[in-house]
$ cat upload.json   # JSON, C-alpha atoms and all ligand atoms
[["chain", "number", "residue", "atom", "x", "y", "z"],
["A", 176, "MET", "CA", 133.91, 220.11, -56.74],
["A", 177, "MET", "CA", 130.91, 221.14, -54.71],
["A", 178, "ARG", "CA", 129.19, 218.86, -52.28],
["A", 179, "SER", "CA", 125.96, 219.07, -54.24],
["A", 180, "ASP", "CA", 127.70, 217.51, -57.27],
["A", 181, "ALA", "CA", 128.39, 214.38, -55.24],
["A", 182, "ALA", "CA", 124.80, 214.30, -54.00],
["A", 183, "VAL", "CA", 123.54, 214.46, -57.60],
["A", 184, "LEU", "CA", 125.84, 211.58, -58.58],
["A", 185, "ARG", "CA", 124.67, 209.54, -55.56],
["A", 186, "ASN", "CA", 121.02, 209.99, -56.45],
["A", 187, "ARG", "CA", 121.79, 208.99, -60.03],
["A", 188, "MET", "CA", 123.67, 205.91, -58.76],
["A", 189, "VAL", "CA", 120.63, 204.90, -56.70],
["A", 190, "GLU", "CA", 118.10, 205.50, -59.49],
["A", 191, "GLU", "CA", 120.17, 203.98, -62.33],
["A", 192, "GLN", "CA", 122.19, 201.18, -60.69],
["A", 193, "LEU", "CA", 120.26, 200.05, -57.62],
["A", 194, "VAL", "CA", 116.50, 200.50, -58.05],
["A", 195, "PRO", "CA", 116.25, 198.96, -61.56],
["A", 196, "ARG", "CA", 118.15, 195.85, -60.38],
["A", 197, "GLY", "CA", 115.86, 195.14, -57.48],
["A", 198, "ILE", "CA", 117.16, 197.06, -54.48],
["A", 199, "PHE", "CA", 113.84, 198.09, -52.90],
["A", 200, "ASP", "CA", 114.57, 198.52, -49.18],
["A", 201, "GLU", "CA", 114.10, 202.26, -48.57],
["A", 202, "ARG", "CA", 116.47, 202.30, -45.59],
["A", 203, "VAL", "CA", 119.20, 200.76, -47.75],
["A", 204, "LEU", "CA", 118.55, 203.20, -50.61],
["A", 205, "ASP", "CA", 118.64, 206.15, -48.19],
["A", 206, "ALA", "CA", 122.01, 205.01, -46.84],
["A", 207, "PHE", "CA", 123.39, 204.94, -50.41],
["A", 208, "ARG", "CA", 121.99, 208.45, -51.02],
["A", 209, "LYS", "CA", 123.74, 209.67, -47.88],
["A", 210, "VAL", "CA", 127.19, 208.05, -47.58],
["A", 211, "PRO", "CA", 129.90, 209.99, -49.54],
["A", 212, "ARG", "CA", 131.44, 207.04, -51.40],
["A", 213, "HIS", "CA", 134.11, 209.30, -53.00],
["A", 214, "THR", "CA", 135.75, 209.94, -49.62],
["A", 215, "PHE", "CA", 136.61, 206.20, -49.42],
["A", 216, "ILE", "CA", 138.38, 206.14, -52.81],
["A", 217, "PRO", "CA", 142.13, 206.89, -52.77],
["A", 218, "ASP", "CA", 142.02, 209.46, -55.63],
["A", 219, "LYS", "CA", 138.62, 210.84, -54.57],
["A", 220, "ASN", "CA", 137.57, 211.11, -58.26],
["A", 221, "LEU", "CA", 133.85, 211.84, -58.25],
["A", 222, "GLU", "CA", 132.83, 210.26, -61.55],
["A", 223, "ASN", "CA", 134.75, 207.06, -60.77],
["A", 224, "ALA", "CA", 133.47, 206.91, -57.21],
["A", 225, "TYR", "CA", 129.83, 206.68, -58.29],
["A", 226, "GLY", "CA", 130.42, 204.52, -61.38],
["A", 227, "ASP", "CA", 128.92, 201.07, -61.90],
["A", 228, "PHE", "CA", 132.15, 199.12, -61.17],
["A", 229, "PRO", "CA", 134.57, 198.10, -58.41],
["A", 230, "LEU", "CA", 137.68, 200.25, -57.78],
["A", 231, "PRO", "CA", 141.16, 199.59, -56.36],
["A", 232, "VAL", "CA", 141.71, 200.70, -52.76],
["A", 233, "GLY", "CA", 145.35, 199.66, -52.25],
["A", 234, "GLU", "CA", 147.16, 196.44, -51.23],
["A", 235, "GLY", "CA", 145.67, 194.75, -54.32],
["A", 236, "GLN", "CA", 142.19, 195.02, -52.77],
["A", 237, "THR", "CA", 139.00, 196.56, -54.18],
["A", 238, "ILE", "CA", 135.92, 198.46, -53.08],
["A", 239, "SER", "CA", 132.97, 196.49, -54.48],
["A", 240, "GLN", "CA", 130.62, 197.85, -57.14],
["A", 241, "PRO", "CA", 127.80, 199.86, -55.48],
["A", 242, "TYR", "CA", 125.14, 197.33, -56.58],
["A", 243, "MET", "CA", 127.01, 194.43, -54.94],
["A", 244, "VAL", "CA", 127.33, 196.36, -51.65],
["A", 245, "ALA", "CA", 123.61, 197.18, -51.82],
["A", 246, "LEU", "CA", 122.58, 193.62, -52.61],
["A", 247, "MET", "CA", 124.59, 192.17, -49.71],
["A", 248, "THR", "CA", 123.25, 194.86, -47.38],
["A", 249, "GLN", "CA", 119.64, 194.25, -48.40],
["A", 250, "TYR", "CA", 120.00, 190.53, -47.64],
["A", 251, "LEU", "CA", 121.38, 191.39, -44.19],
["A", 252, "ASP", "CA", 117.95, 192.90, -43.42],
["A", 253, "LEU", "CA", 119.37, 195.22, -40.73],
["A", 254, "LYS", "CA", 117.16, 196.68, -38.01],
["A", 255, "PRO", "CA", 118.11, 199.80, -36.03],
["A", 256, "GLY", "CA", 118.92, 197.75, -32.91],
["A", 257, "ASP", "CA", 121.12, 195.17, -34.65],
["A", 258, "MET", "CA", 124.72, 194.25, -33.92],
["A", 259, "ALA", "CA", 126.62, 193.73, -37.18],
["A", 260, "LEU", "CA", 129.98, 192.19, -38.04],
["A", 261, "GLU", "CA", 131.88, 192.82, -41.27],
["A", 262, "ILE", "CA", 134.86, 190.77, -42.39],
["A", 263, "GLY", "CA", 137.08, 192.75, -44.80],
["A", 264, "THR", "CA", 136.92, 196.46, -43.93],
["A", 265, "GLY", "CA", 138.84, 197.47, -47.07],
["A", 266, "SER", "CA", 138.03, 201.12, -47.76],
["A", 267, "GLY", "CA", 135.41, 201.27, -44.99],
["A", 268, "TYR", "CA", 132.60, 202.11, -47.45],
["A", 269, "GLN", "CA", 130.44, 199.10, -46.65],
["A", 270, "THR", "CA", 131.24, 199.64, -42.96],
["A", 271, "SER", "CA", 129.66, 203.10, -43.10],
["A", 272, "ILE", "CA", 126.58, 201.79, -44.94],
["A", 273, "LEU", "CA", 126.16, 199.20, -42.15],
["A", 274, "ALA", "CA", 126.66, 201.91, -39.50],
["A", 275, "GLU", "CA", 123.74, 203.86, -41.01],
["A", 276, "LEU", "CA", 121.45, 200.85, -40.61],
["A", 277, "ALA", "CA", 122.55, 198.98, -37.45],
["A", 278, "LYS", "CA", 123.19, 199.94, -33.84],
["A", 279, "GLU", "CA", 126.82, 198.83, -33.68],
["A", 280, "VAL", "CA", 129.24, 197.66, -36.35],
["A", 281, "TYR", "CA", 132.37, 195.59, -35.78],
["A", 282, "SER", "CA", 134.76, 195.19, -38.70],
["A", 283, "VAL", "CA", 137.90, 193.08, -39.12],
["A", 284, "GLU", "CA", 140.61, 193.76, -41.74],
["A", 285, "ARG", "CA", 143.80, 191.79, -42.40],
["A", 286, "PHE", "CA", 145.89, 194.73, -43.68],
["A", 287, "ALA", "CA", 146.74, 197.33, -41.02],
["A", 288, "VAL", "CA", 147.22, 200.12, -43.60],
["A", 289, "LEU", "CA", 143.69, 199.62, -44.93],
["A", 290, "ALA", "CA", 142.17, 199.40, -41.43],
["A", 291, "GLU", "CA", 143.93, 202.62, -40.40],
["A", 292, "ARG", "CA", 142.89, 204.51, -43.51],
["A", 293, "ALA", "CA", 139.28, 203.35, -43.17],
["A", 294, "GLN", "CA", 139.25, 204.29, -39.47],
["A", 295, "MET", "CA", 140.43, 207.81, -40.33],
["A", 296, "VAL", "CA", 137.79, 208.38, -43.01],
["A", 297, "LEU", "CA", 135.03, 207.01, -40.74],
["A", 298, "ASN", "CA", 136.18, 209.21, -37.84],
["A", 299, "ASP", "CA", 136.15, 212.27, -40.11],
["A", 300, "LEU", "CA", 132.57, 211.43, -41.11],
["A", 301, "GLY", "CA", 131.65, 211.36, -37.41],
["A", 302, "TYR", "CA", 130.63, 207.71, -36.90],
["A", 303, "THR", "CA", 130.67, 206.66, -33.24],
["A", 304, "ASN", "CA", 129.14, 203.18, -33.61],
["A", 305, "ILE", "CA", 132.00, 201.45, -35.47],
["A", 306, "LYS", "CA", 134.89, 199.41, -34.08],
["A", 307, "ILE", "CA", 137.64, 198.15, -36.40],
["A", 308, "LYS", "CA", 140.41, 195.69, -35.62],
["A", 309, "VAL", "CA", 143.32, 194.22, -37.56],
["A", 310, "GLY", "CA", 143.26, 190.44, -37.62],
["A", 311, "ASP", "CA", 142.03, 187.26, -39.27],
["A", 312, "GLY", "CA", 138.31, 187.74, -39.78],
["A", 313, "THR", "CA", 137.75, 184.08, -40.65],
["A", 314, "GLU", "CA", 137.82, 183.61, -36.86],
["A", 315, "GLY", "CA", 135.13, 186.28, -36.46],
["A", 316, "TRP", "CA", 135.27, 188.64, -33.45],
["A", 317, "GLU", "CA", 134.33, 186.54, -30.46],
["A", 318, "GLU", "CA", 134.36, 189.35, -27.90],
["A", 319, "PHE", "CA", 131.18, 191.08, -29.12],
["A", 320, "ALA", "CA", 129.29, 188.01, -30.45],
["A", 321, "PRO", "CA", 126.57, 187.07, -31.14],
["A", 322, "TYR", "CA", 125.77, 189.20, -34.21],
["A", 323, "ASP", "CA", 122.38, 189.69, -35.85],
["A", 324, "ALA", "CA", 124.10, 190.15, -39.19],
["A", 325, "ILE", "CA", 127.50, 189.18, -40.58],
["A", 326, "VAL", "CA", 128.84, 190.16, -44.01],
["A", 327, "VAL", "CA", 132.02, 188.82, -45.55],
["A", 328, "THR", "CA", 133.34, 191.02, -48.35],
["A", 329, "ALA", "CA", 135.96, 188.57, -49.66],
["A", 330, "GLY", "CA", 135.51, 185.19, -51.36],
["A", 331, "ALA", "CA", 135.76, 182.07, -49.16],
["A", 332, "PRO", "CA", 136.37, 178.42, -50.13],
["A", 333, "SER", "CA", 133.62, 177.48, -47.63],
["A", 334, "VAL", "CA", 131.61, 179.13, -44.84],
["A", 335, "PRO", "CA", 134.00, 179.65, -41.88],
["A", 336, "GLU", "CA", 132.62, 177.74, -38.88],
["A", 337, "PRO", "CA", 133.41, 180.49, -36.30],
["A", 338, "LEU", "CA", 131.16, 182.92, -38.21],
["A", 339, "VAL", "CA", 128.21, 180.51, -38.05],
["A", 340, "GLU", "CA", 128.87, 180.05, -34.32],
["A", 341, "GLN", "CA", 128.93, 183.82, -33.75],
["A", 342, "LEU", "CA", 125.61, 184.33, -35.55],
["A", 343, "ALA", "CA", 122.66, 185.11, -33.25],
["A", 344, "GLU", "CA", 119.42, 183.12, -33.36],
["A", 345, "GLY", "CA", 117.51, 184.63, -36.30],
["A", 346, "GLY", "CA", 120.77, 186.03, -37.64],
["A", 347, "ARG", "CA", 121.78, 186.46, -41.30],
["A", 348, "LEU", "CA", 125.24, 185.84, -42.80],
["A", 349, "VAL", "CA", 126.01, 186.94, -46.37],
["A", 350, "ILE", "CA", 129.20, 185.53, -47.89],
["A", 351, "PRO", "CA", 130.69, 184.80, -51.34],
["A", 352, "VAL", "CA", 131.57, 181.08, -51.44],
["A", 353, "GLY", "CA", 133.42, 179.25, -54.23],
["A", 354, "GLY", "CA", 136.68, 179.28, -56.14],
["A", 355, "GLY", "CA", 139.48, 181.80, -56.23],
["A", 356, "PHE", "CA", 138.18, 183.55, -59.37],
["A", 357, "SER", "CA", 134.39, 183.41, -59.02],
["A", 358, "GLN", "CA", 131.96, 182.62, -56.23],
["A", 359, "THR", "CA", 128.27, 182.30, -55.36],
["A", 360, "LEU", "CA", 126.88, 184.95, -53.05],
["A", 361, "THR", "CA", 125.32, 182.88, -50.27],
["A", 362, "LEU", "CA", 122.84, 183.69, -47.50],
["A", 363, "VAL", "CA", 123.14, 181.62, -44.32],
["A", 364, "LYS", "CA", 120.43, 181.94, -41.66],
["A", 365, "LYS", "CA", 120.17, 180.55, -38.16],
["A", 366, "GLN", "CA", 116.54, 179.66, -37.56],
["A", 367, "GLU", "CA", 115.50, 177.84, -34.37],
["A", 368, "GLY", "CA", 119.05, 176.57, -34.04],
["A", 369, "LYS", "CA", 119.06, 175.20, -37.60],
["A", 370, "ILE", "CA", 121.28, 176.48, -40.39],
["A", 371, "VAL", "CA", 119.45, 177.33, -43.62],
["A", 372, "GLN", "CA", 121.44, 178.18, -46.75],
["A", 373, "GLU", "CA", 120.32, 179.96, -49.93],
["A", 374, "GLU", "CA", 122.22, 180.87, -53.11],
["A", 375, "ILE", "CA", 121.73, 184.46, -54.28],
["A", 376, "CYS", "CA", 123.82, 184.96, -57.45],
["A", 377, "GLY", "CA", 127.26, 184.65, -59.01],
["A", 378, "CYS", "CA", 129.91, 187.16, -57.97],
["A", 379, "VAL", "CA", 133.64, 187.94, -58.06],
["A", 380, "PHE", "CA", 135.53, 188.94, -54.92],
["A", 381, "VAL", "CA", 139.18, 189.08, -53.82],
["A", 382, "PRO", "CA", 140.12, 186.02, -51.73],
["A", 383, "LEU", "CA", 139.39, 185.68, -48.03],
["A", 384, "VAL", "CA", 142.81, 184.72, -46.67],
["A", 385, "GLY", "CA", 143.03, 183.15, -43.23],
["A", 386, "ARG", "CA", 142.77, 180.12, -40.99],
["A", 387, "TYR", "CA", 139.23, 179.22, -42.15],
["A", 388, "GLY", "CA", 139.70, 180.75, -45.62],
["A", 389, "TRP", "CA", 142.34, 180.46, -48.33],
["A", 390, "LYS", "CA", 145.81, 179.66, -47.05],
["A", 391, "LYS", "CA", 147.52, 182.45, -49.12],
["B", 401, "LIG", "N1", 133.96, 196.07, -47.84],
["B", 401, "LIG", "C1", 135.11, 196.56, -48.55],
["B", 401, "LIG", "C2", 135.57, 195.60, -49.60],
["B", 401, "LIG", "C3", 136.99, 195.26, -49.37],
["B", 401, "LIG", "S1", 137.66, 193.99, -50.38],
["B", 401, "LIG", "C4", 134.86, 197.94, -49.09],
["B", 401, "LIG", "O1", 133.69, 198.39, -49.08],
["B", 401, "LIG", "O2", 135.80, 198.60, -49.50],
["B", 401, "LIG", "C5", 137.88, 192.70, -49.20],
["B", 401, "LIG", "C6", 138.76, 192.99, -48.03],
["B", 401, "LIG", "O3", 138.85, 191.78, -47.26],
["B", 401, "LIG", "C7", 140.20, 193.38, -48.36],
["B", 401, "LIG", "O4", 140.48, 194.62, -47.77],
["B", 401, "LIG", "C8", 141.02, 192.24, -47.75],
["B", 401, "LIG", "O5", 142.26, 192.69, -47.25],
["B", 401, "LIG", "C9", 140.12, 191.75, -46.65],
["B", 401, "LIG", "N2", 140.38, 190.40, -46.15],
["B", 401, "LIG", "C10", 140.71, 189.27, -46.85],
["B", 401, "LIG", "N3", 140.84, 188.21, -46.02],
["B", 401, "LIG", "C11", 140.57, 188.67, -44.76],
["B", 401, "LIG", "C12", 140.54, 188.08, -43.47],
["B", 401, "LIG", "N4", 140.78, 186.78, -43.27],
["B", 401, "LIG", "N5", 140.23, 188.86, -42.41],
["B", 401, "LIG", "C13", 139.98, 190.18, -42.58],
["B", 401, "LIG", "N6", 140.00, 190.80, -43.77],
["B", 401, "LIG", "C14", 140.29, 190.07, -44.86]]
$ encode --input "upload.json" --output "structure tokens"
Amino acid sequence: MMRSDAAVLRNRMVEEQLVPRGIFDERVLDAFRKVPRHTFIPDKNLENAYGDFPLPVGEGQTISQPYMVALMTQYLDLKPGDMALEIGTGSGYQTSILAELAKEVYSVERFAVLAERAQMVLNDLGYTNIKIKVGDGTEGWEEFAPYDAIVVTAGAPSVPEPLVEQLAEGGRLVIPVGGGFSQTLTLVKKQEGKIVQEEICGCVFVPLVGRYGWKK
């Protein structure tokens, strides 16, 4: 397959899956036109990689549907100088989208094999503004806090307190909250020290497992 084939599929993904559903932020759309999603998929199948659905990435985990990644990213409202935290590195696809839009990206993954594979793909793509660690992301990543934006890519029973604490003033946290089988994508903002919460839409994510998440 030639590189240009993937670029054609990416443009089609943006025009058919993202724009018609309300993704309007040009910086976000440009990141989706640029990042080679197929390199994050285990079998690297081009048609699947740019399809309108989630895909398995190993360890029973999934890479979210492109639209869901775009929607979460748009709500993060990233600026070029922002510090971002991601909980649930998975394939590393969302990590790379964040790295296109923020200054520095920190990402925590519970499975070492996934973290290592993501790190390799991201290194090959040449990103120098991403740090990944293996651990329980429900505790956040204290060392580099506060963060202007935090995204959780697994479903939580409630908003983990450490993540709210590690959010900067004016910061945005996007997280699926609800039951084990379906959740509500939720936006949490810290405004003048107050926490403001907004429901975005229904969604389905794999469970966030950890101290402030599901206990297995
Ligand atoms: N953003 C990813 C989606 C991965 S699915 C992508 O674009 O591919 C969610 C990921 O969250 C899984 O890899 C899962 O292992 C991870 N996860 C679940 N609970 C976690 C926790 N407490 N800390 C860190 N990662 C966690």
$ residues_around --input "upload.json" --residues "region 325-332 of chain A" --least-positions-apart "6" --cutoff "6 Å" --atoms "only C-alpha atoms" --output "PDB file with C-alpha atoms, in the frame of the given file"
ATOM      1  CA  ALA A 259     126.620 193.730 -37.180  1.00  0.00           C
ATOM      2  CA  LEU A 260     129.980 192.190 -38.040  1.00  0.00           C
ATOM      3  CA  GLU A 261     131.880 192.820 -41.270  1.00  0.00           C
ATOM      4  CA  ILE A 262     134.860 190.770 -42.390  1.00  0.00           C
ATOM      5  CA  GLY A 263     137.080 192.750 -44.800  1.00  0.00           C
ATOM      6  CA  LEU A 348     125.240 185.840 -42.800  1.00  0.00           C
ATOM      7  CA  VAL A 349     126.010 186.940 -46.370  1.00  0.00           C
ATOM      8  CA  ILE A 350     129.200 185.530 -47.890  1.00  0.00           C
ATOM      9  CA  PRO A 351     130.690 184.800 -51.340  1.00  0.00           C
ATOM     10  CA  VAL A 352     131.570 181.080 -51.440  1.00  0.00           C
ATOM     11  CA  GLY A 353     133.420 179.250 -54.230  1.00  0.00           C
ATOM     12  CA  PHE A 380     135.530 188.940 -54.920  1.00  0.00           C
ATOM     13  CA  VAL A 381     139.180 189.080 -53.820  1.00  0.00           C
ATOM     14  CA  PRO A 382     140.120 186.020 -51.730  1.00  0.00           C
ATOM     15  CA  LEU A 383     139.390 185.680 -48.030  1.00  0.00           C
ATOM     16  CA  GLY A 388     139.700 180.750 -45.620  1.00  0.00           C
TER      17      GLY A 388
END
$ residues_around --input "upload.json" --residues "Leu276 (chain A)" --least-positions-apart "3" --cutoff "10 Å" --atoms "all atoms listed in the file" --output "list in words"
Arg202, Val203, Asp205, Ala206, Thr248, Asp252, Leu253, Lys254, Pro255, Gly256, Asp257, Met258, Ala259, Ser271, Ile272, Leu273, Glu279 and Val280 of chain A
$ residues_near_point --input "upload.json" --point "(135.2, 189.6, -33.2)" --cutoff "12 Å" --atoms "only C-alpha atoms" --output "VMD selection string"
chain A and resid 258 to 262 280 to 284 306 to 322 325 337 to 338 340 to 342
$ closest_residue --input "upload.json" --among "A:Arg196, A:Arg285, A:Lys365, A:Lys391" --to "ligand LIG 401 (chain B)" --atoms "all atoms listed in the file"
A:Arg285
$ closest_residue --input "upload.json" --among "A:Ala181, A:Val384, A:Ile198, A:Ala277" --to "ligand LIG 401 (chain B)" --atoms "all atoms listed in the file"
A:Val384
$ closest_residue --input "upload.json" --among "A:Gln366, A:Ser333, A:Asn304, A:Thr264" --to "ligand LIG 401 (chain B)" --atoms "all atoms listed in the file"
A:Thr264
$ residues_around --input "upload.json" --residues "Lys369 (chain A)" --least-positions-apart "2" --cutoff "12 Å" --atoms "all atoms listed in the file" --output "number ranges by chain"
A: 339-340, 342-346, 363-367, 371-372
$ closest_residue --input "upload.json" --among "A:Val189, A:Leu289, A:Met243, A:Leu251" --to "ligand LIG 401 (chain B)" --atoms "all atoms listed in the file"
A:Leu289
$ atom_distance --input "upload.json" --atom1 "CA of Thr361 (chain A)" --atom2 "CA of Ala287 (chain A)"
27.4 Å
$ atom_distance --input "upload.json" --atom1 "CA of Ser266 (chain A)" --atom2 "CA of Ala245 (chain A)"
15.5 Å
$ atom_distance --input "upload.json" --atom1 "CA of Trp389 (chain A)" --atom2 "CA of Gln240 (chain A)"
22.7 Å
$ residues_around --input "upload.json" --residues "Arg292 (chain A)" --least-positions-apart "5" --cutoff "12 Å" --atoms "only C-alpha atoms" --output "VMD selection string"
chain A and resid 214 to 217 232 to 234 264 to 268 284 286 to 287 297 to 299 307 309
$ closest_residue --input "upload.json" --among "A:Ala182, A:Leu300, A:Leu230, A:Ile370" --to "ligand LIG 401 (chain B)" --atoms "only C-alpha atoms and all ligand atoms"
A:Leu230
$ closest_residue --input "upload.json" --among "A:Thr237, A:Gln192, A:Asn186, A:Ser179" --to "ligand LIG 401 (chain B)" --atoms "only C-alpha atoms and all ligand atoms"
A:Thr237
$ build_atoms --input "upload.json" --residues "region 333-342 of chain A" --atoms "all heavy atoms" --output "short mmCIF file (atom, residue, chain, number, x, y, z; two decimals), in the coordinates of the input"
data_model
loop_
_atom_site.label_atom_id
_atom_site.label_comp_id
_atom_site.auth_asym_id
_atom_site.auth_seq_id
_atom_site.Cartn_x
_atom_site.Cartn_y
_atom_site.Cartn_z
N SER A 333 134.80 178.04 -48.30
CA SER A 333 133.62 177.48 -47.63
C SER A 333 133.24 178.44 -46.52
O SER A 333 133.98 179.38 -46.23
CB SER A 333 133.95 176.10 -47.06
OG SER A 333 134.99 176.23 -46.11
N VAL A 334 132.07 178.22 -45.89
CA VAL A 334 131.61 179.13 -44.84
C VAL A 334 132.42 178.87 -43.56
O VAL A 334 132.39 177.77 -43.03
CB VAL A 334 130.10 178.93 -44.55
CG1 VAL A 334 129.64 179.90 -43.47
CG2 VAL A 334 129.28 179.10 -45.82
N PRO A 335 133.19 179.86 -43.09
CA PRO A 335 134.00 179.65 -41.88
C PRO A 335 133.12 179.34 -40.66
O PRO A 335 132.19 180.08 -40.35
CB PRO A 335 134.73 180.98 -41.70
CG PRO A 335 134.73 181.62 -43.06
CD PRO A 335 133.41 181.19 -43.67
N GLU A 336 133.43 178.21 -40.00
CA GLU A 336 132.62 177.74 -38.88
C GLU A 336 132.48 178.79 -37.75
O GLU A 336 131.38 178.97 -37.21
CB GLU A 336 133.22 176.43 -38.34
CG GLU A 336 132.31 175.59 -37.48
CD GLU A 336 130.89 175.42 -38.02
OE1 GLU A 336 130.74 175.15 -39.23
OE2 GLU A 336 129.93 175.58 -37.22
N PRO A 337 133.56 179.51 -37.39
CA PRO A 337 133.41 180.49 -36.30
C PRO A 337 132.34 181.55 -36.59
O PRO A 337 131.67 182.04 -35.67
CB PRO A 337 134.80 181.14 -36.22
CG PRO A 337 135.73 180.14 -36.79
CD PRO A 337 134.96 179.44 -37.86
N LEU A 338 132.15 181.89 -37.87
CA LEU A 338 131.16 182.92 -38.21
C LEU A 338 129.75 182.39 -37.97
O LEU A 338 128.87 183.12 -37.50
CB LEU A 338 131.33 183.38 -39.66
CG LEU A 338 132.69 184.00 -40.00
CD1 LEU A 338 132.70 184.49 -41.44
CD2 LEU A 338 133.02 185.14 -39.05
N VAL A 339 129.53 181.12 -38.28
CA VAL A 339 128.21 180.51 -38.05
C VAL A 339 127.95 180.45 -36.54
O VAL A 339 126.86 180.75 -36.07
CB VAL A 339 128.14 179.10 -38.67
CG1 VAL A 339 126.81 178.43 -38.37
CG2 VAL A 339 128.36 179.18 -40.18
N GLU A 340 129.02 180.12 -35.78
CA GLU A 340 128.87 180.05 -34.32
C GLU A 340 128.56 181.42 -33.72
O GLU A 340 127.82 181.52 -32.75
CB GLU A 340 130.17 179.52 -33.69
CG GLU A 340 130.23 178.00 -33.67
CD GLU A 340 131.64 177.47 -33.51
OE1 GLU A 340 132.51 178.19 -32.97
OE2 GLU A 340 131.88 176.33 -33.97
N GLN A 341 129.11 182.48 -34.31
CA GLN A 341 128.93 183.82 -33.75
C GLN A 341 127.66 184.52 -34.25
O GLN A 341 127.41 185.68 -33.93
CB GLN A 341 130.18 184.67 -34.03
CG GLN A 341 131.39 184.19 -33.24
CD GLN A 341 132.68 184.88 -33.60
OE1 GLN A 341 132.69 186.03 -34.04
NE2 GLN A 341 133.79 184.17 -33.44
N LEU A 342 126.87 183.80 -35.04
CA LEU A 342 125.61 184.33 -35.55
C LEU A 342 124.52 184.13 -34.49
O LEU A 342 124.38 183.06 -33.92
CB LEU A 342 125.26 183.58 -36.83
CG LEU A 342 124.28 184.19 -37.82
CD1 LEU A 342 124.74 185.57 -38.30
CD2 LEU A 342 124.10 183.25 -39.01
#
